[in-house]
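Notes for the one structure printed next.
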Amino acid sequence: MASPDLTQELTCPICLEIFTQPVTLECGHHFCSSCISQSWQKVPGDVSCPQCRQVFTQRNIRPALTLSNVVERFREQKVKVTQPQEEFYCQEHEEKLKLFCEDEHKAICLVCGMSRAHKTHSVIPIKEAAQIYKNKLETSLETLQKQMDLSLHSKREREDGILHMKDIQDLLMRSQMEFHKPGTVSTQLPADIAGEPVKYINLWREMRAVISPVPASLTLDPVTANNQLIISQELTIVKFGNEQQSRFYNPERFSTYMYVLSSQSFTSGRHYWEVGLGHKPYWVVGVCRESVNRKANITHSPENGFWVIARLADCKSLKIPDVISQLKVKPRKLGIYLDYEGGQVSFYDAEDMSHLYTFTDTFTEKLYPAFNPCRNNSDPLTLLTG
């Protein structure tokens with residue numbers, strides 16, 4: 001007969017029953033395959049372990065083969081037991097507890113159910129009662145999961161804000177500062193800035209006018225530009241052209257989509273740049289990794305190496321976060337913040353520094369700022385950094 005400790009180890013934390021087709025998460029915890037799938041089914045974006053709450057950007061689960069074999073051995077052992085321990089008996093009538101009294105919230109036997117004490121009570125089979133309470137528990141767990149996910153999202157935004165302030169602090173320590181008469185602009189960081197990202201980002205924007213040097217400028221790389229894109233002579237403006245430009249074929253050039261990359265790339269550190277959008281009706285802006293497929297139709301998703309947002313008629317078909325169409329006032333300047341080691345790409349309306357969207361991922365190769373002014377759309381994208 002299996003020991004109580006073994007029974008506990010073989011119990012799924014979600015359904016509280018012996019594992020069925022057990023799987024393991026990246027954090028090492030085990031669940032029934034159907035339980036974890038249902039738990040994550042209605043959760044958009046990042047998910048977390050129901051037991052330790054570790055957050056995962058990818059929904060990677062794998063069969064726990066060794067545990068599955070142990071569960072099968074355990075079930076075989078239970079079949080051989082003549083008096084299963086999970087069967088309980090009424091102390092008064094020595095009958096199995098097969099009913100559940102909803103008025104008194106307790107399990108009773110058949111004799112109890114026919115007695116005067118329970119004659120006027122609502123009595124149902126105990127298995128039916130177990131299923132009802134299991135459904136209630138699952139609903140409660142689902143609500144709790146949503147609340148935990150909202151809490152984690154809020155925590156990540158607050159941590160992102162703290163990282164932004166430490167970027168600012170590093171900049172002040174490294175830079176040679178040449179101050180002109182600042183007027184009403186303060187050169188001290190107020191103590192109440194720490195919890196409010198918009199305040200200190202706006203302060204940083206004001207301080208750029210009196211601090212030298214400012215963040216380095218980006219330039220466009222014509223070698224990567226689609227042949228229908230027109231690049232300005234100073235390499236800071238790109239727009240769609242009706243005619244093909246005369247450019248040589250090369251592996252770095254985008255053939256299908258209207259992309260051009262910057263000449264600068266990043267493999268570490270924190271970086272910020274801005275793009276002028278004007279009143280463009282369509283655009284795609286963000287970062288991509290060096291190894292993206294530049295010749296074929298692909299989905300613009302992190303899995304394919306694109307961390308971008310867009311203003312398009314249908315973002316969902318390209319799996320791009322639809323964050324712009326929901327805004328009453330569309331941004332005319334876009335701010336992009338990359339924290340390579342922190343695994344974050346954040347987007348802001350650069351005029352009021354309101355947060356638009358943040359990708360959280362792990363970066364393992366060279367990243368390039370990417371710009372797409374979109375087809376049949378002659379208004380330009382303009383690099384504003386510096």
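Chains: A, B, ... in order of the structure tokens. Residues: from 1 per chain. Ligands: from 1, in order shown.
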Give me, as a list in words, all polymer residues having an atom no more than 8 Å from Ser68 of chain A, counting only C-alpha atoms and skipping those fewer than 5 positions away in the same chain.
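Once the nearby chain positions are removed, what remains is Phe19, Thr20, Gln21 and Pro22 of chain A.
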Could you pull the residues within 6 Å of segment 235-237 of chain A, counting only C-alpha atoms, minus those fewer than 4 positions along the same chain, as a count of residues only?
6
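Using only C-alpha atoms for every distance, the candidate list A:Ala370, A:Arg75, A:Cys109, A:Leu318 yields A:Cys109 as the residue closest to Tyr89 of chain A.
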I need the residues in segment 5-188 of chain A that are strand (DSSP E) according to DSSP; give them as a PyMOL selection string.
chain A and resi 22-24+30-32+47-48+55-56+62-63+99-101+106-108+123-125
Using only C-alpha atoms, which residue out of A:Cys35, A:Pro125, A:Asn293, A:Phe74 lies closest to Leu99 of chain A?
A:Pro125
Pick from A:Val284, A:Ile324, A:Ala117, A:Leu144: nearest to Pro369 of chain A, with only C-alpha atoms counted?
A:Val284
Closest to Ser265 of chain A among A:Glu303, A:Glu365, A:Glu252, A:Asp322, using only C-alpha atoms?
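For Ser265 of chain A, the nearest of the given residues is A:Glu365.
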Considering only C-alpha atoms, state which residue in the set A:Ser34, A:Asn226, A:Ser378, A:Gln58 is at the smallest distance from Asn242 of chain A.
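Of A:Ser34, A:Asn226, A:Ser378, A:Gln58, the one nearest Asn242 of chain A, counting only C-alpha atoms, is A:Ser378.
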Give me the residues within 10 Å of Gly113 of chain A as a list in words, counting only C-alpha atoms and dropping any in the same chain fewer than 5 places off.
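Listed by chain and then number, they are Lys98, Leu99, Phe100, Cys101, Ala107, Ile108, His118, Lys119, Thr120, His121, Ser122, Val123 and Ile124 of chain A.
Between atom CA of Met148 of chain A and atom CA of Thr11 of chain A lies a distance of 23.1 Å.
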Determine the nearest neighbour of Gln41 of chain A from the options A:Arg116, A:Lys146, A:Arg253, A:Arg332, counting only C-alpha atoms.
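Nearest candidate to Gln41 of chain A out of A:Arg116, A:Lys146, A:Arg253, A:Arg332: A:Lys146.
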